[in-house]
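Structure file my_file_23.cif; described as mmCIF, C-alpha atoms and all ligand atoms.
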```cif
data_start
loop_
_atom_site.label_atom_id
_atom_site.label_comp_id
_atom_site.auth_asym_id
_atom_site.auth_seq_id
_atom_site.Cartn_x
_atom_site.Cartn_y
_atom_site.Cartn_z
CA MET A 1 9.50 -14.61 -19.13
CA GLN A 2 12.33 -12.73 -17.50
CA PRO A 3 12.38 -12.47 -13.68
CA TYR A 4 10.21 -9.73 -12.21
CA ARG A 5 10.78 -10.31 -8.48
CA TYR A 6 13.45 -7.86 -7.32
CA GLU A 7 15.09 -10.08 -4.71
CA GLU A 8 15.48 -13.00 -7.14
CA LEU A 9 17.81 -10.98 -9.38
CA SER A 10 21.59 -11.16 -9.20
CA TRP A 11 23.53 -7.90 -9.19
CA PRO A 12 24.40 -8.13 -12.90
CA GLN A 13 20.69 -8.69 -13.56
CA VAL A 14 19.88 -5.57 -11.56
CA ARG A 15 22.38 -3.59 -13.65
CA GLU A 16 20.73 -4.97 -16.79
CA ALA A 17 17.22 -4.27 -15.47
CA VAL A 18 18.05 -0.62 -14.74
CA ARG A 19 18.72 -0.12 -18.47
CA ARG A 20 15.03 -0.92 -19.13
CA ASP A 21 13.98 1.73 -16.59
CA PRO A 22 11.32 -0.41 -14.90
CA VAL A 23 8.99 0.80 -12.17
CA VAL A 24 9.95 -0.78 -8.85
CA VAL A 25 6.99 -1.58 -6.60
CA LEU A 26 7.45 -1.95 -2.83
CA PRO A 27 4.39 -3.46 -1.12
CA VAL A 28 3.91 -2.09 2.40
CA GLY A 29 1.66 -3.77 4.92
CA THR A 30 1.60 -4.35 8.64
CA THR A 31 1.35 -7.15 11.19
CA GLU A 32 -1.65 -6.49 13.36
CA GLN A 33 -4.83 -7.99 14.71
CA HIS A 34 -7.61 -8.44 12.18
CA GLY A 35 -10.34 -9.84 14.40
CA PRO A 36 -10.67 -13.47 15.47
CA HIS A 37 -11.17 -14.74 11.91
CA LEU A 38 -8.26 -13.24 9.91
CA PRO A 39 -4.47 -13.61 10.24
CA LEU A 40 -2.12 -10.91 11.52
CA MET A 41 -0.53 -10.81 8.05
CA THR A 42 -3.72 -9.62 6.31
CA ASP A 43 -2.45 -6.18 5.28
CA TYR A 44 0.87 -7.26 3.85
CA LEU A 45 -0.65 -10.29 2.15
CA THR A 46 -3.14 -8.11 0.25
CA ALA A 47 -0.50 -5.55 -0.75
CA ALA A 48 2.07 -8.18 -1.72
CA LEU A 49 -0.22 -10.45 -3.73
CA ILE A 50 -2.01 -7.65 -5.61
CA ALA A 51 1.33 -6.02 -6.44
CA GLU A 52 2.79 -9.34 -7.55
CA ALA A 53 -0.21 -10.11 -9.77
CA ALA A 54 -0.03 -6.69 -11.42
CA VAL A 55 3.71 -6.87 -12.06
CA ARG A 56 3.47 -10.47 -13.30
CA SER A 57 0.72 -9.55 -15.77
CA LEU A 58 2.90 -6.76 -17.17
CA ALA A 59 5.89 -9.12 -17.42
CA GLU A 60 3.77 -11.66 -19.32
CA GLN A 61 2.61 -9.01 -21.78
CA ALA A 62 6.14 -7.69 -22.28
CA GLY A 63 7.62 -11.09 -23.13
CA ALA A 64 11.15 -10.86 -24.46
CA ASP A 65 11.30 -7.07 -23.98
CA GLY A 66 11.70 -7.70 -20.26
CA PRO A 67 9.33 -6.74 -17.47
CA PRO A 68 8.39 -3.04 -17.29
CA ALA A 69 8.05 -3.37 -13.52
CA LEU A 70 9.70 -5.25 -10.66
CA VAL A 71 8.05 -6.18 -7.38
CA MET A 72 9.92 -6.30 -4.06
CA HIS A 73 9.35 -8.30 -0.90
CA PRO A 74 6.70 -6.60 1.24
CA VAL A 75 7.52 -4.55 4.30
CA PRO A 76 5.58 -6.54 6.91
CA TYR A 77 5.74 -4.23 9.98
CA SER A 78 4.65 -0.63 10.35
CA PHE A 79 2.82 1.94 12.44
CA ASN A 80 -0.16 0.61 14.40
CA GLU A 81 0.19 1.40 18.10
CA HIS A 82 -3.57 1.90 18.21
CA HIS A 83 -4.00 -1.89 17.78
CA LEU A 84 -1.65 -2.93 20.61
CA ASP A 85 -4.52 -3.76 22.99
CA TYR A 86 -5.06 -6.98 21.00
CA PRO A 87 -2.42 -9.73 21.24
CA GLY A 88 -0.08 -10.11 18.28
CA THR A 89 0.20 -6.60 16.86
CA ILE A 90 3.77 -5.44 16.14
CA ALA A 91 4.09 -1.64 16.31
CA ILE A 92 6.86 0.36 14.65
CA ASP A 93 7.48 3.98 15.66
CA ALA A 94 6.31 6.66 13.24
CA HIS A 95 9.72 8.07 12.38
CA THR A 96 11.22 4.60 12.07
CA ILE A 97 8.79 3.46 9.39
CA ILE A 98 9.18 6.72 7.45
CA ASP A 99 12.98 6.49 7.60
CA TYR A 100 12.97 2.78 6.76
CA LEU A 101 10.85 3.26 3.62
CA ALA A 102 12.91 6.27 2.56
CA CYS A 103 16.11 4.21 2.97
CA ILE A 104 14.74 1.60 0.58
CA GLY A 105 13.80 4.32 -1.90
CA ARG A 106 17.20 6.00 -1.67
CA SER A 107 18.95 2.65 -2.23
CA LEU A 108 16.87 1.96 -5.33
CA ALA A 109 17.60 5.46 -6.66
CA HIS A 110 21.30 4.94 -5.93
CA HIS A 111 21.27 1.90 -8.22
CA GLY A 112 19.66 3.91 -11.00
CA PHE A 113 15.97 3.09 -10.74
CA ARG A 114 13.94 6.21 -11.51
CA HIS A 115 10.29 5.27 -10.98
CA LEU A 116 9.33 3.91 -7.57
CA VAL A 117 5.91 3.04 -6.17
CA LEU A 118 4.94 2.31 -2.56
CA PHE A 119 1.88 0.07 -2.68
CA ASN A 120 0.00 -0.12 0.56
CA GLY A 121 -2.39 -2.54 2.27
CA HIS A 122 -2.77 -0.89 5.72
CA GLY A 123 -5.07 2.08 6.34
CA SER A 124 -2.86 3.75 8.92
CA ASN A 125 0.15 3.62 6.61
CA VAL A 126 -1.28 6.31 4.35
CA PRO A 127 0.35 9.39 5.94
CA PHE A 128 3.66 7.56 6.42
CA ILE A 129 4.00 6.26 2.86
CA ASP A 130 3.08 9.73 1.63
CA ILE A 131 5.90 11.34 3.62
CA ALA A 132 8.39 8.59 2.71
CA ALA A 133 7.59 9.01 -0.99
CA ARG A 134 8.02 12.79 -0.68
CA LEU A 135 11.42 12.31 0.96
CA VAL A 136 12.53 10.09 -1.93
CA ASN A 137 11.29 12.70 -4.41
CA ASN A 138 13.11 15.48 -2.57
CA GLN A 139 16.35 13.65 -1.86
CA THR A 140 17.02 11.58 -5.00
CA GLU A 141 16.91 11.71 -8.79
CA ALA A 142 13.99 9.25 -8.77
CA ILE A 143 10.28 9.94 -8.55
CA CYS A 144 8.21 8.00 -6.03
CA ALA A 145 4.43 7.63 -5.73
CA ALA A 146 2.37 6.12 -2.91
CA LEU A 147 -1.05 4.52 -3.12
CA SER A 148 -3.22 1.85 -1.51
CA TRP A 149 -5.16 -1.00 -3.10
CA TRP A 150 -8.51 0.58 -2.21
CA SER A 151 -7.60 4.01 -3.53
CA LEU A 152 -7.52 2.57 -7.06
CA LEU A 153 -11.05 1.22 -7.08
CA HIS A 154 -13.83 2.68 -9.18
CA PRO A 155 -17.41 2.71 -7.81
CA GLU A 156 -18.42 -0.03 -10.28
CA ASP A 157 -15.72 -2.31 -8.82
CA LEU A 158 -17.74 -2.35 -5.58
CA SER A 159 -21.18 -3.16 -7.03
CA TRP A 160 -21.23 -6.39 -5.00
CA ARG A 161 -21.06 -4.54 -1.69
CA GLU A 162 -23.81 -5.48 0.79
CA SER A 163 -22.55 -3.92 4.04
CA ALA A 164 -23.79 -0.48 5.03
CA TYR A 165 -21.96 2.74 4.15
CA PRO A 166 -20.21 4.16 6.03
CA GLY A 167 -18.50 1.61 8.21
CA GLY A 168 -19.11 -1.69 6.44
CA PHE A 169 -15.64 -1.52 4.85
CA SER A 170 -13.38 -0.60 7.71
CA HIS A 171 -11.22 -3.26 9.35
CA ALA A 172 -11.36 -7.06 9.05
CA CYS A 173 -14.55 -6.19 7.18
CA GLU A 174 -16.56 -7.41 4.17
CA ALA A 175 -13.83 -6.19 1.80
CA GLU A 176 -10.69 -7.37 3.61
CA THR A 177 -12.22 -10.72 4.55
CA SER A 178 -13.38 -11.30 0.96
CA LEU A 179 -9.87 -10.52 -0.29
CA ILE A 180 -8.19 -12.99 2.05
CA LEU A 181 -10.85 -15.65 1.31
CA HIS A 182 -9.85 -15.30 -2.34
CA LEU A 183 -6.10 -14.85 -1.92
CA GLN A 184 -5.42 -17.42 0.82
CA GLY A 185 -8.70 -18.82 2.08
CA ASP A 186 -7.11 -21.42 4.35
CA LEU A 187 -6.11 -18.55 6.67
CA VAL A 188 -9.74 -17.48 7.28
CA ASP A 189 -12.03 -18.93 9.94
CA MET A 190 -15.48 -17.68 8.93
CA THR A 191 -17.05 -19.39 11.97
CA LYS A 192 -15.42 -16.62 14.05
CA ALA A 193 -16.42 -13.70 11.81
CA VAL A 194 -19.00 -11.43 13.44
CA LYS A 195 -20.81 -8.29 12.38
CA ALA A 196 -19.37 -5.28 14.27
CA MET A 197 -21.13 -2.11 13.15
CA ASP A 198 -23.05 -0.69 16.13
CA GLU A 199 -20.24 -0.60 18.70
CA VAL A 200 -18.29 1.97 16.67
CA GLN A 201 -18.83 5.65 17.55
CA ARG A 202 -19.62 7.35 14.26
CA SER A 203 -20.55 10.99 13.79
CA GLU A 204 -21.13 13.43 10.97
CA HIS A 205 -17.42 14.18 10.62
CA ILE A 206 -15.76 11.08 12.02
CA PHE A 207 -16.27 7.74 10.33
CA TRP A 208 -14.12 5.16 8.58
CA ASP A 209 -14.74 3.35 5.31
CA LEU A 210 -12.31 2.13 2.68
CA ALA A 211 -14.67 3.39 -0.05
CA LYS A 212 -14.53 6.93 1.35
CA GLY A 213 -13.69 7.93 4.89
CA GLY A 214 -14.91 10.93 6.87
CA PRO A 215 -13.50 14.44 6.40
CA VAL A 216 -11.62 14.50 9.71
CA ASN A 217 -8.39 12.55 10.28
CA PHE A 218 -8.83 10.83 13.61
CA GLN A 219 -7.66 7.48 14.95
CA GLU A 220 -7.98 6.64 18.62
CA PHE A 221 -7.14 3.33 20.29
CA PHE A 222 -9.02 0.73 18.31
CA SER A 223 -10.16 -1.13 21.43
CA ARG A 224 -12.32 1.87 22.41
CA ASN A 225 -14.67 0.98 19.58
CA SER A 226 -14.34 -2.76 19.04
CA SER A 227 -14.43 -5.71 21.43
CA THR A 228 -13.54 -8.15 18.63
CA GLY A 229 -10.97 -6.17 16.63
CA ILE A 230 -13.47 -5.95 13.77
CA GLN A 231 -15.08 -2.80 12.40
CA GLY A 232 -17.50 -3.66 9.63
CA ASP A 233 -19.39 -6.74 8.57
CA PRO A 234 -17.19 -9.69 7.58
CA THR A 235 -20.14 -12.11 7.70
CA LEU A 236 -21.05 -10.86 4.21
CA ALA A 237 -17.63 -11.75 2.78
CA THR A 238 -17.17 -14.33 0.01
CA SER A 239 -14.20 -15.42 -2.06
CA GLU A 240 -16.15 -14.45 -5.22
CA LYS A 241 -16.33 -10.84 -3.99
CA GLY A 242 -12.65 -11.05 -3.13
CA LYS A 243 -11.79 -12.14 -6.66
CA VAL A 244 -13.67 -9.19 -8.17
CA LEU A 245 -11.87 -6.88 -5.76
CA ALA A 246 -8.42 -8.39 -6.35
CA ASP A 247 -8.83 -8.44 -10.14
CA ALA A 248 -9.98 -4.82 -10.19
CA ALA A 249 -7.16 -3.61 -7.94
CA THR A 250 -4.63 -5.63 -9.96
CA GLY A 251 -5.82 -4.22 -13.28
CA HIS A 252 -5.85 -0.64 -12.05
CA LEU A 253 -2.39 -1.01 -10.51
CA ALA A 254 -0.96 -2.47 -13.73
CA SER A 255 -2.28 0.44 -15.78
CA PHE A 256 -1.00 2.96 -13.22
CA LEU A 257 2.47 1.38 -13.32
CA LEU A 258 2.64 1.83 -17.09
CA GLU A 259 1.39 5.42 -16.77
CA PHE A 260 3.95 6.21 -14.07
CA ARG A 261 6.79 4.57 -15.96
CA ALA A 262 6.02 6.83 -18.93
CA ARG A 263 6.01 9.95 -16.76
CA GLU A 264 8.71 12.35 -17.85
CA ILE A 265 11.16 13.33 -15.12
CA ARG A 266 11.78 16.93 -16.03
CA PRO A 267 14.83 18.84 -14.82
CA ARG A 268 14.45 21.06 -11.79
CA ARG A 269 14.82 24.80 -12.37
CA ASP A 270 16.25 27.32 -9.94
CA PHE A 271 14.50 30.69 -10.14
CA HIS A 272 16.58 32.49 -7.55
CA ASP A 273 18.36 35.69 -8.44
CA ARG A 274 20.94 35.63 -5.70
CA PRO A 275 23.59 38.35 -5.45
CA GLN A 276 26.96 37.14 -6.61
CA PRO A 277 29.57 36.81 -3.88
CA PRO A 278 32.12 39.63 -3.98
CA SER A 279 35.13 38.77 -6.11
CA ARG A 280 38.46 38.67 -4.32
ZN ZN B 1 -6.33 -4.49 7.28
#
```
Would you put the structure from the file into structure tokens?
Ligand SMILES: [Zn+2]
Amino acid sequence: MQPYRYEELSWPQVREAVRRDPVVVLPVGTTEQHGPHLPLMTDYLTAALIAEAAVRSLAEQAGADGPPALVMHPVPYSFNEHHLDYPGTIAIDAHTIIDYLACIGRSLAHHGFRHLVLFNGHGSNVPFIDIAARLVNNQTEAICAALSWWSLLHPEDLSWRESAYPGGFSHACEAETSLILHLQGDLVDMTKAVKAMDEVQRSEHIFWDLAKGGPVNFQEFFSRNSSTGIQGDPTLATSEKGKVLADAATGHLASFLLEFRAREIRPRRDFHDRPQPPSR
């Protein structure tokens, strides 16, 4: 199998890879508190390992044709000022993370890659990866899409869910804890996992859940609603649930990458009818 991890390539291998027109996947996470039972790296671990599994599966299927996708090192820091009340969180300013991601996209486009995907593991990254992807679309010859591991899931992928909706899947919750138990279980201390559902202020229009959030965008300081850093019920998490979740997200990402790679990049058209400048 040919290499599929971007940073392991040499520059002649990058030049060769561009000829295959692979999709390049950039996992984006964050470093922030995830309750007393999960590591700070939770959100970039999920994004990185699901992206790697999807790209590896495509590389295995492709064999000698060469991998149809490449996966990059994850971006481990991003926007999360609202978690700073808990020790450990590293917060990046909003414009910095947008510019940083767009710089990576512009560099990839400069080298000739044409299909780029930002793959996210952190809820609060969603508006920032969306804007960064739009900047890459508007400023380069490449196309760039942004999505999160939970946005790929079908309702049947969550049939194992036991925690209440809404709120059971929110932060350091049944879903995230199950994923880390499966992906790197030695980093989880389930003796410190506690149910944290009732402390959160929820209303008709404001609630959080990875399966489907409320209709209003609103994120206040996390500590106003959680004394543990948890929102949800991680006591229901198991590594078996995490495997179902990881396998589903991996499979859906792999099929999206093939779909996006096949997307035609049509030429722009200019429909202006501007007056000609006067001839001299
Ligand atoms: Zn998280």
Neighbouring residues of Phe128 of chain A were defined as those with any atom within 12 Å, considering all atoms listed in the file; residues of the same chain fewer than 6 positions away were excluded. Please report them as a PyMOL selection string.
chain A and resi 28-29+78-80+92-102+118-120+122+134-135+146-148
For the residues in that selection, give me C-alpha atoms as a CSV table (one decimal), in the coordinates of the input.
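Result file part24.csv:
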```csv
chain,number,residue,atom,x,y,z
A,28,VAL,CA,3.9,-2.1,2.4
A,29,GLY,CA,1.7,-3.8,4.9
A,78,SER,CA,4.6,-0.6,10.4
A,79,PHE,CA,2.8,1.9,12.4
A,80,ASN,CA,-0.2,0.6,14.4
A,92,ILE,CA,6.9,0.4,14.6
A,93,ASP,CA,7.5,4.0,15.7
A,94,ALA,CA,6.3,6.7,13.2
A,95,HIS,CA,9.7,8.1,12.4
A,96,THR,CA,11.2,4.6,12.1
A,97,ILE,CA,8.8,3.5,9.4
A,98,ILE,CA,9.2,6.7,7.4
A,99,ASP,CA,13.0,6.5,7.6
A,100,TYR,CA,13.0,2.8,6.8
A,101,LEU,CA,10.8,3.3,3.6
A,102,ALA,CA,12.9,6.3,2.6
A,118,LEU,CA,4.9,2.3,-2.6
A,119,PHE,CA,1.9,0.1,-2.7
A,120,ASN,CA,0.0,-0.1,0.6
A,122,HIS,CA,-2.8,-0.9,5.7
A,134,ARG,CA,8.0,12.8,-0.7
A,135,LEU,CA,11.4,12.3,1.0
A,146,ALA,CA,2.4,6.1,-2.9
A,147,LEU,CA,-1.0,4.5,-3.1
A,148,SER,CA,-3.2,1.8,-1.5
```
For the atom pair atom CA of Leu45 of chain A and atom CA of Leu187 of chain A, what is the interatomic distance in Å to one decimal place?
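So the answer is 10.9 Å.
Atom CA of Thr191 of chain A to atom CA of Trp149 of chain A spans 26.6 Å [interatomic distance, one decimal].
Taking atom CA of Arg202 of chain A and atom CA of Ile180 of chain A as the two end points, the separation is 26.3 Å.
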Of the candidates A:Ala172, A:Leu38, A:Leu258, A:Ile129, which one gets nearest to ligand ZN 1 (chain B) if we count all atoms listed in the file?
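Smallest separation from ligand ZN 1 (chain B) among the options: A:Ala172.
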Residues within 7 Å of ligand ZN 1 (chain B) (all atoms listed in the file), as number ranges by chain?
A: 34, 42-43, 121-123, 171-172, 176
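Of the listed residues A:Ala69, A:Trp160, A:Arg224, A:Arg280, the one whose atoms come nearest to Leu116 of chain A is A:Ala69, with distances taken using all atoms listed in the file.
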Shortest interatomic distance to His115 of chain A - which of A:Ala64, A:Leu210, A:Val23, A:Val75, counting only C-alpha atoms
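With only C-alpha atoms as the atom set, the closest residue is A:Val23.
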Got a sec: who's within 12 Å of Asn137 of chain A, counting all atoms listed in the file, leaving out chain neighbours fewer than 6 positions off, as a PyMOL selection string?
chain A and resi 102+105-106+109+114-117+130-131+143-146+265+268
May I ask which of the residues A:Ala53, A:Ile90, A:Val25, A:Leu253 is the closest one to Leu70 of chain A, counting all atoms listed in the file?
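Under the stated criterion, the closest residue is A:Val25.
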Compile the contact shell of Ala17 of chain A as a PDB file with C-alpha atoms, keeping the file's coordinate frame: residues with an atom at most 12 Å away, counting all atoms listed in the file, same-chain residues fewer than 4 positions apart removed.
```pdb
ATOM      1  CA  GLN A   2      12.330 -12.730 -17.500  1.00  0.00           C
ATOM      2  CA  PRO A   3      12.380 -12.470 -13.680  1.00  0.00           C
ATOM      3  CA  TYR A   4      10.210  -9.730 -12.210  1.00  0.00           C
ATOM      4  CA  ARG A   5      10.780 -10.310  -8.480  1.00  0.00           C
ATOM      5  CA  TYR A   6      13.450  -7.860  -7.320  1.00  0.00           C
ATOM      6  CA  LEU A   9      17.810 -10.980  -9.380  1.00  0.00           C
ATOM      7  CA  SER A  10      21.590 -11.160  -9.200  1.00  0.00           C
ATOM      8  CA  TRP A  11      23.530  -7.900  -9.190  1.00  0.00           C
ATOM      9  CA  PRO A  12      24.400  -8.130 -12.900  1.00  0.00           C
ATOM     10  CA  GLN A  13      20.690  -8.690 -13.560  1.00  0.00           C
ATOM     11  CA  ASP A  21      13.980   1.730 -16.590  1.00  0.00           C
ATOM     12  CA  PRO A  22      11.320  -0.410 -14.900  1.00  0.00           C
ATOM     13  CA  VAL A  23       8.990   0.800 -12.170  1.00  0.00           C
ATOM     14  CA  VAL A  24       9.950  -0.780  -8.850  1.00  0.00           C
ATOM     15  CA  ASP A  65      11.300  -7.070 -23.980  1.00  0.00           C
ATOM     16  CA  GLY A  66      11.700  -7.700 -20.260  1.00  0.00           C
ATOM     17  CA  PRO A  67       9.330  -6.740 -17.470  1.00  0.00           C
ATOM     18  CA  PRO A  68       8.390  -3.040 -17.290  1.00  0.00           C
ATOM     19  CA  ALA A  69       8.050  -3.370 -13.520  1.00  0.00           C
ATOM     20  CA  LEU A  70       9.700  -5.250 -10.660  1.00  0.00           C
ATOM     21  CA  LEU A 108      16.870   1.960  -5.330  1.00  0.00           C
ATOM     22  CA  HIS A 111      21.270   1.900  -8.220  1.00  0.00           C
ATOM     23  CA  GLY A 112      19.660   3.910 -11.000  1.00  0.00           C
ATOM     24  CA  PHE A 113      15.970   3.090 -10.740  1.00  0.00           C
ATOM     25  CA  ARG A 114      13.940   6.210 -11.510  1.00  0.00           C
TER      26      ARG A 114
END
```
Ranking A:Glu8, A:Gln201, A:Ser163, A:Lys192 by minimum distance to Gln219 of chain A and counting only C-alpha atoms, which one comes first?
A:Gln201
Considering all atoms listed in the file, state which residue in the set A:Glu7, A:Asp233, A:Glu220, A:Asp273 is at the smallest distance from Ser124 of chain A.
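Using all atoms listed in the file, Ser124 of chain A sits closest to A:Glu220.
Excluding segment 181-185 of chain A itself and any same-chain residue fewer than 3 positions from it, the protein and nucleic acid residues within 10 Å of it, counting only C-alpha atoms, are Leu38, Thr42, Leu45, Thr46, Leu49, Ile50, Ala175, Glu176, Thr177, Ser178, Val188, Asp189, Met190, Ala237, Thr238, Ser239, Glu240, Lys241, Gly242, Lys243, Val244, Leu245 and Ala246 of chain A.
By chain and then residue number, the residues within 6 Å of Ala193 of chain A are His37, Pro234 and Thr235 of chain A, counting all atoms listed in the file and disregarding those fewer than 5 positions away in sequence.
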